Amino acid sequence: MSKSDIEIAQEATPERIDKIAAKLGLTEKDFEYYGWYKAKVDYNLLSTPKEGKEAKVILVTAINPTPAGEGKTTTTIGLGDALTKLGKKTVLALREPSLGPVFGIKGGAAGGGYAQVIPMEDINLHFTGDFHAIGAANNLLAAMLDNHIFQGNELDIDTNHVVWRRCVDMNDRQLRNITDGMGGKSNGVPREDGFDITVASEIMAAFCLATSLDDLKARFARIVVAYNHKGEPVTAGQLNAQGAMTALLKDALKPNLVQTLEGTPAFVHGGPFANIAHGCNSVIATKMAGHFGDYVVTEAGFGADLGAEKFLDIKCRLADIKPSAVVIVATIRALKYNGGVPKTETGIENLEALEKGIPNLLKHVENITNVYKLPCVVALNRFTADTDAEIDLVINKCKQLGVNVKMSEVWGKGGEGGIELAEEVIKLCEEPNDFQFAYDANLKIKEKIETIAKKIYGADGVIYDDKASKEIENLERLGFGNLPICMAKTQYSLSDDQTKLGRPVGFNITVRDITVSSGAGFLVVLTGNVLKMPGLPKVPAAEKIDVDSTGKISGLF
């Protein structure tokens with residue numbers, strides 16, 4: 001019986017974090033200990049000159065996720081270890097897991113098998129408290145907003161047009177829609193309200209896109225929390241909330257330094273949802289990794305239609321990052337699932353189903369190479385049930401697009417299982433690329449939405465609910481029209497209907513609403529049935545998590 005992820009992680013003998021920091025050239029004055037195996041690194045180090053050439057930034061993305069599994073984070077970590085084995089000074093830049101998925105259905109996000117970041121239990125649970133601080137800043141703003149209304153409402157806020165919601169880092173459907181301020185005049189002004197999960201909040205998105213403490217404060221000041229009775233936006237700056245909010249996050253903004261099972265340095269920092277927000281770790285952590293490393297391996301959430309699109313069109317645009325290569329992770333099992341095979345039968349050879357499912361992978365490859373003009377490799381996360389005929393089919397289909405397929409066996413072999421992939425990535429990083437965005441941010445809002453829908457998803461067009469059309473006109477009138485677009489869409493399909501697997505054709509994207517995240521610096525376009533507060537499944541992962549009398553945790557994955 002194979003060992004579980006947590007058993008593998010707990011049996012590892014990690015290096016002390018000062019030894020990991022020393023690999024980056026850091027001394028104890030540059031970081032703060034959070035125990036022996038975690039540290040926060042001073043973001044002011046980014047103002048010092050970088051030694052050597054500009055780092056190569058490698059983005060790891062994937063096909064649309066399926067219950068059969070893809071292993072994107074595992075591949076990311078294993079690739080980092082493989083590059084280190086090949087003598088490259090490599091630093092990982094990953095997102096922090098949210099407690100919602102950890103206790104829900106998805107599980108943690110620290111990798112798996114022999115390609116993990118550790119301490120796995122800490123990273124998957126409270127870690128260094130960043131998410132709690134982000135939730136506190138979010139809810140401080142909510143408290144100050146409602147207090148302003150209660151204390152006389154000098155800004156003439158329309159209580160029917162308050163757009164700021166409270167948050168908690170938990171899957172709790174009961175809090176999606178609530179009525180608060182009940183119980184009489186002394187308890188506030190009654191109004192309809194609700195909670196989002198912390199990782200779907202604008203505070204998280206702004207936090208991850210900020211380049212400094214001053215930039216974070218300026219972003220907070222721009223956040224639109226409500227509209228007055230004239231229809232004009234009311235901001236956090238008008239409530240004088242930005243200073244206190246930033247004070248709560250002065251330590252959280254310092255990137256968290258940990259290590260892989262093989263001792264490769266890893267910054268794990270920030271974690272906005274990719275089907276709602278932009279799905280990437282913090283800009284500061286990515287810049288820090290590039291400042292002290294020659295190769296930065298990072299990832300973006302869910303499939304390339306969400307995470308990679310947002311990394312390239314939002315994060316790279318706002319942070320002036322130019323990626324050197326892209327890795328698209330796939331599995332034979334997941335491709336067969338996309339071809340209509342039930343999860344229980346994905347371990348059986350089925351070339352016909354694989355042929356039907358491969359177009360999902362090919363569409364993502366085409367987007368990276370044709371739309372964004374970036375060099376790309378497919379990492380096939382190999383399982384023992386994969387047959388040579390199935391692997392050859394994937395290799396040949398990708399070869400027709402001029403893209404190589406490399407096997408990844410990092411789950412079972414760690415960095416050694418990613419050498420073939422790492423060698424291809426090194427080669428791609430030396431190729432010239434003509435990176436470009438999918439759209440010009442100065443286009444009209446509808447033009448940008450339609451460009452993403454048609455170019456990236458393969459849609460025929462976009463249908464707008466009346467509410468969305470009116471709000472688009474309003475946002476353009478208020479001066480928000482030149483912001484990039486952050487699509488909130490199901491992660492399971494290229495379309496906005498999660499049942500349409502593979503590479504659907506003949507569909508439209510339906511936009512039901514649009515909101516401005518002016519602090520983060522983008523417009524959030526809501527499609528389909530996407531929720532900003534998930535719920536727990538019938539049997540939550542939390543039921544399997546336990547701790548013994550010595551404090552040893554079990555059941556995490």
# chains A, B, ... in the order shown; residues from 1 in each chain; ligands from 1
>>> residues_around(residues="Val524 (chain A)", least_positions_apart="5", cutoff="8 Å", atoms="only C-alpha atoms", output="compact mmCIF listing (two decimals) with all heavy atoms, in the first residue's frame")
# COMPACT_ATOMS: atom_id res chain seq x y z
N ILE A 276 -12.94 33.04 -9.98
CA ILE A 276 -13.60 34.29 -9.59
C ILE A 276 -12.61 35.44 -9.67
O ILE A 276 -12.87 36.45 -10.32
CB ILE A 276 -14.19 34.18 -8.17
CG1 ILE A 276 -15.31 33.13 -8.15
CG2 ILE A 276 -14.72 35.53 -7.69
CD1 ILE A 276 -15.68 32.64 -6.78
N ALA A 277 -11.47 35.30 -9.00
CA ALA A 277 -10.42 36.32 -9.07
C ALA A 277 -9.37 35.87 -10.09
O ALA A 277 -9.67 35.09 -10.99
CB ALA A 277 -9.82 36.56 -7.69
N ILE A 485 -10.08 42.52 -17.91
CA ILE A 485 -11.26 41.72 -17.59
C ILE A 485 -10.86 40.48 -16.80
O ILE A 485 -9.90 39.79 -17.16
CB ILE A 485 -11.98 41.28 -18.88
CG1 ILE A 485 -12.44 42.50 -19.69
CG2 ILE A 485 -13.15 40.36 -18.57
CD1 ILE A 485 -13.46 43.37 -19.01
N CYS A 486 -11.60 40.20 -15.74
CA CYS A 486 -11.41 38.98 -14.94
C CYS A 486 -12.70 38.17 -15.04
O CYS A 486 -13.70 38.51 -14.41
CB CYS A 486 -11.09 39.34 -13.49
SG CYS A 486 -10.71 37.91 -12.46
N MET A 487 -12.67 37.12 -15.83
CA MET A 487 -13.87 36.33 -16.07
C MET A 487 -14.13 35.37 -14.91
O MET A 487 -13.23 34.64 -14.48
CB MET A 487 -13.72 35.53 -17.36
CG MET A 487 -13.57 36.38 -18.62
SD MET A 487 -15.07 37.29 -19.07
CE MET A 487 -16.06 35.99 -19.80
N ALA A 488 -15.34 35.40 -14.39
CA ALA A 488 -15.77 34.44 -13.37
C ALA A 488 -16.61 33.38 -14.09
O ALA A 488 -17.72 33.64 -14.53
CB ALA A 488 -16.59 35.14 -12.29
N ILE A 514 -21.66 42.26 -13.91
CA ILE A 514 -20.27 42.71 -13.94
C ILE A 514 -20.06 43.67 -12.78
O ILE A 514 -20.95 44.48 -12.46
CB ILE A 514 -19.92 43.38 -15.30
CG1 ILE A 514 -18.45 43.83 -15.32
CG2 ILE A 514 -20.85 44.54 -15.61
CD1 ILE A 514 -17.97 44.25 -16.69
N THR A 515 -18.94 43.55 -12.11
CA THR A 515 -18.62 44.43 -10.98
C THR A 515 -17.21 44.97 -11.14
O THR A 515 -16.37 44.35 -11.82
CB THR A 515 -18.74 43.69 -9.64
OG1 THR A 515 -17.80 42.60 -9.62
CG2 THR A 515 -20.14 43.15 -9.41
N VAL A 516 -16.95 46.09 -10.51
CA VAL A 516 -15.61 46.67 -10.58
C VAL A 516 -14.83 46.32 -9.31
O VAL A 516 -15.34 46.43 -8.20
CB VAL A 516 -15.66 48.20 -10.78
CG1 VAL A 516 -16.38 48.90 -9.63
CG2 VAL A 516 -14.24 48.76 -10.95
N SER A 517 -13.61 45.83 -9.51
CA SER A 517 -12.65 45.66 -8.41
C SER A 517 -11.55 46.67 -8.66
O SER A 517 -10.47 46.33 -9.18
CB SER A 517 -12.10 44.23 -8.38
OG SER A 517 -13.09 43.31 -7.99
>>> atom_distance(atom1="CA of Ile8 (chain A)", atom2="CA of Gly108 (chain A)")
14.6 Å
>>> residues_around(residues="region 33-48 of chain A", least_positions_apart="5", cutoff="10 Å", atoms="only C-alpha atoms", output="VMD selection string")
chain A and resid 14 to 21 26 28 118 to 119 122 to 123 127 to 128 211 to 213 251 to 259 267 269 284 to 285 287 to 292
>>> write_last_selection(atoms="N, CA and C atoms", output="CSV table (one decimal), in the first residue's frame")
chain,number,residue,atom,x,y,z
A,14,PRO,N,13.4,17.9,6.9
A,14,PRO,CA,13.6,19.2,6.2
A,14,PRO,C,14.9,19.9,6.7
A,15,GLU,N,15.4,20.8,5.8
A,15,GLU,CA,16.5,21.6,6.3
A,15,GLU,C,15.9,22.8,7.1
A,16,ARG,N,16.7,23.3,8.0
A,16,ARG,CA,16.2,24.5,8.7
A,16,ARG,C,16.0,25.7,7.7
A,17,ILE,N,15.1,26.5,8.0
A,17,ILE,CA,14.8,27.6,7.0
A,17,ILE,C,15.9,28.5,6.8
A,18,ASP,N,16.8,28.7,7.7
A,18,ASP,CA,18.0,29.6,7.5
A,18,ASP,C,18.9,29.0,6.4
A,19,LYS,N,18.9,27.7,6.3
A,19,LYS,CA,19.7,27.0,5.3
A,19,LYS,C,19.1,27.2,3.9
A,20,ILE,N,17.8,27.2,3.9
A,20,ILE,CA,17.1,27.4,2.6
A,20,ILE,C,17.3,28.9,2.2
A,21,ALA,N,17.2,29.8,3.1
A,21,ALA,CA,17.4,31.2,2.8
A,21,ALA,C,18.8,31.5,2.3
A,26,LEU,N,20.4,35.0,1.3
A,26,LEU,CA,19.8,35.8,2.4
A,26,LEU,C,20.5,35.4,3.8
A,28,GLU,N,20.1,36.3,8.2
A,28,GLU,CA,19.1,36.3,9.2
A,28,GLU,C,18.5,37.7,9.3
A,118,ILE,N,6.8,21.7,2.0
A,118,ILE,CA,6.7,21.4,3.4
A,118,ILE,C,7.0,22.6,4.3
A,119,PRO,N,6.5,22.7,5.5
A,119,PRO,CA,5.7,21.7,6.2
A,119,PRO,C,4.3,21.7,5.7
A,122,ASP,N,1.2,22.7,7.9
A,122,ASP,CA,1.1,24.1,8.2
A,122,ASP,C,0.6,24.9,7.0
A,123,ILE,N,1.2,24.6,5.8
A,123,ILE,CA,0.8,25.3,4.6
A,123,ILE,C,-0.7,25.1,4.3
A,127,PHE,N,-0.9,28.2,8.3
A,127,PHE,CA,0.4,28.7,7.8
A,127,PHE,C,0.9,29.8,8.7
A,128,THR,N,1.1,31.0,8.1
A,128,THR,CA,1.6,32.1,8.9
A,128,THR,C,0.5,33.1,9.2
A,211,THR,N,2.6,45.8,-5.3
A,211,THR,CA,4.0,45.8,-5.4
A,211,THR,C,4.8,46.3,-4.2
A,212,SER,N,4.0,46.9,-3.3
A,212,SER,CA,4.7,47.5,-2.1
A,212,SER,C,3.6,47.8,-1.1
A,213,LEU,N,4.0,48.2,0.1
A,213,LEU,CA,3.0,48.5,1.2
A,213,LEU,C,2.2,49.8,0.7
A,251,ASP,N,2.6,42.7,7.9
A,251,ASP,CA,3.4,41.5,8.0
A,251,ASP,C,3.0,40.4,7.0
A,252,ALA,N,1.7,40.4,6.8
A,252,ALA,CA,1.2,39.4,5.8
A,252,ALA,C,1.8,39.6,4.4
A,253,LEU,N,2.1,40.9,4.1
A,253,LEU,CA,2.6,41.2,2.7
A,253,LEU,C,4.0,40.6,2.5
A,254,LYS,N,4.7,40.3,3.6
A,254,LYS,CA,6.0,39.7,3.4
A,254,LYS,C,5.9,38.2,2.9
A,255,PRO,N,6.5,37.9,1.8
A,255,PRO,CA,6.4,36.5,1.3
A,255,PRO,C,6.8,35.4,2.2
A,256,ASN,N,6.1,34.3,2.2
A,256,ASN,CA,6.5,33.2,3.0
A,256,ASN,C,7.5,32.3,2.3
A,257,LEU,N,8.6,32.0,3.0
A,257,LEU,CA,9.6,31.1,2.4
A,257,LEU,C,9.5,29.7,3.1
A,258,VAL,N,9.4,28.7,2.2
A,258,VAL,CA,9.4,27.3,2.7
A,258,VAL,C,10.3,26.5,1.8
A,259,GLN,N,10.2,25.2,1.7
A,259,GLN,CA,11.0,24.4,0.8
A,259,GLN,C,10.2,23.2,0.3
A,267,PHE,N,8.5,30.2,-2.4
A,267,PHE,CA,7.7,31.3,-1.8
A,267,PHE,C,6.2,30.9,-2.0
A,269,HIS,N,2.6,32.3,-1.2
A,269,HIS,CA,2.1,33.6,-0.7
A,269,HIS,C,0.9,34.0,-1.5
A,284,ILE,N,4.6,40.2,-5.4
A,284,ILE,CA,5.8,40.4,-4.6
A,284,ILE,C,6.6,39.1,-4.5
A,285,ALA,N,5.9,37.9,-4.3
A,285,ALA,CA,6.6,36.6,-4.2
A,285,ALA,C,7.2,36.3,-5.5
A,287,LYS,N,8.2,38.3,-7.9
A,287,LYS,CA,9.3,39.2,-8.1
A,287,LYS,C,10.5,38.8,-7.2
A,288,MET,N,10.2,38.4,-6.0
A,288,MET,CA,11.2,38.0,-5.1
A,288,MET,C,11.9,36.7,-5.6
A,289,ALA,N,11.1,35.8,-6.1
A,289,ALA,CA,11.7,34.5,-6.6
A,289,ALA,C,12.6,34.9,-7.8
A,290,GLY,N,12.2,35.8,-8.7
A,290,GLY,CA,13.0,36.2,-9.8
A,290,GLY,C,14.2,37.0,-9.4
A,291,HIS,N,14.1,37.7,-8.2
A,291,HIS,CA,15.2,38.5,-7.8
A,291,HIS,C,16.4,37.7,-7.2
A,292,PHE,N,16.0,36.5,-6.7
A,292,PHE,CA,17.1,35.7,-6.0
A,292,PHE,C,17.3,34.4,-6.8
>>> residues_around(residues="Arg317 (chain A)", least_positions_apart="5", cutoff="9 Å", atoms="only C-alpha atoms", output="NGL selection string")
:A and (311-312 or 322 or 437 or 484)
>>> closest_residue(among="A:Thr387, A:Asn124, A:Gln400, A:Thr369", to="Leu99 (chain A)", atoms="only C-alpha atoms")
A:Asn124
>>> residues_around(residues="Thr66 (chain A)", least_positions_apart="6", cutoff="9 Å", atoms="only C-alpha atoms", output="list in words")
Ala334, Leu335, Tyr337, Asn338, Lys343 and Tyr492 of chain A
>>> select_by_dssp(residues="region 36-213 of chain A", states="helix (DSSP H, G or I)", output="ChimeraX atom specification")
/A:43-47,72-85,99-103,120-124,130-150,173-175,185-187,198-200,202-209,213
>>> residues_around(residues="region 219-226 of chain A", least_positions_apart="3", cutoff="6 Å", atoms="only C-alpha atoms", output="MDAnalysis selection string")
chainID A and resid 161:164 216 234:237 242 518:519
>>> residues_around(residues="Tyr464 (chain A)", least_positions_apart="5", cutoff="10 Å", atoms="only C-alpha atoms", output="ChimeraX atom specification")
/A:446,469-470,472,509-513,527
>>> write_last_selection(atoms="N, CA and C atoms", output="PDB file, in the first residue's frame")
ATOM      1  N   LYS A 446     -17.300  45.439 -23.657  1.00  0.00           N
ATOM      2  CA  LYS A 446     -17.902  44.303 -24.373  1.00  0.00           C
ATOM      3  C   LYS A 446     -16.941  43.721 -25.396  1.00  0.00           C
ATOM      4  N   SER A 469     -25.717  44.543 -19.138  1.00  0.00           N
ATOM      5  CA  SER A 469     -25.548  45.596 -20.155  1.00  0.00           C
ATOM      6  C   SER A 469     -25.639  46.984 -19.533  1.00  0.00           C
ATOM      7  N   LYS A 470     -26.589  47.159 -18.641  1.00  0.00           N
ATOM      8  CA  LYS A 470     -26.746  48.462 -17.977  1.00  0.00           C
ATOM      9  C   LYS A 470     -25.537  48.789 -17.111  1.00  0.00           C
ATOM     10  N   ILE A 472     -22.470  47.657 -17.512  1.00  0.00           N
ATOM     11  CA  ILE A 472     -21.318  47.931 -18.387  1.00  0.00           C
ATOM     12  C   ILE A 472     -21.348  49.395 -18.826  1.00  0.00           C
ATOM     13  N   ILE A 509     -21.382  32.496 -24.511  1.00  0.00           N
ATOM     14  CA  ILE A 509     -21.152  32.782 -23.099  1.00  0.00           C
ATOM     15  C   ILE A 509     -22.225  33.772 -22.646  1.00  0.00           C
ATOM     16  N   THR A 510     -22.872  33.473 -21.508  1.00  0.00           N
ATOM     17  CA  THR A 510     -23.896  34.373 -20.979  1.00  0.00           C
ATOM     18  C   THR A 510     -23.336  35.164 -19.805  1.00  0.00           C
ATOM     19  N   VAL A 511     -23.360  36.486 -19.933  1.00  0.00           N
ATOM     20  CA  VAL A 511     -22.879  37.374 -18.871  1.00  0.00           C
ATOM     21  C   VAL A 511     -24.085  37.861 -18.085  1.00  0.00           C
ATOM     22  N   ARG A 512     -24.123  37.514 -16.795  1.00  0.00           N
ATOM     23  CA  ARG A 512     -25.283  37.886 -15.980  1.00  0.00           C
ATOM     24  C   ARG A 512     -25.043  39.133 -15.141  1.00  0.00           C
ATOM     25  N   ASP A 513     -23.759  39.476 -14.899  1.00  0.00           N
ATOM     26  CA  ASP A 513     -23.474  40.685 -14.110  1.00  0.00           C
ATOM     27  C   ASP A 513     -22.012  41.044 -14.292  1.00  0.00           C
ATOM     28  N   THR A 527     -20.368  34.916 -15.113  1.00  0.00           N
ATOM     29  CA  THR A 527     -21.062  34.104 -16.116  1.00  0.00           C
ATOM     30  C   THR A 527     -21.637  32.860 -15.447  1.00  0.00           C
TER      31      THR A 527
END
>>> closest_residue(among="A:Lys106, A:Lys500, A:Lys250, A:Lys406", to="Val539 (chain A)", atoms="only C-alpha atoms")
A:Lys106
>>> closest_residue(among="A:Phe273, A:Phe207, A:Tyr439, A:Phe195", to="Thr490 (chain A)", atoms="only C-alpha atoms")
A:Phe273
>>> closest_residue(among="A:Asp214, A:Leu478, A:Thr61, A:Gln174", to="Val365 (chain A)", atoms="only C-alpha atoms")
A:Thr61
>>> select_by_dssp(residues="region 34-267 of chain A", states="strand (DSSP E or B)", output="PyMOL selection string")
chain A and resi 39-41+56-62+90-94+111-112+115-118+157-162+166-168+178-180+191-193+195-197+224-228+233-235+256-260+265-267
>>> closest_residue(among="A:Ala244, A:Val530, A:Leu125, A:Ala142", to="Ala200 (chain A)", atoms="only C-alpha atoms")
A:Val530
>>> closest_residue(among="A:Ser549, A:Pro97, A:Gly502, A:Ser282", to="Ala353 (chain A)", atoms="only C-alpha atoms")
A:Gly502
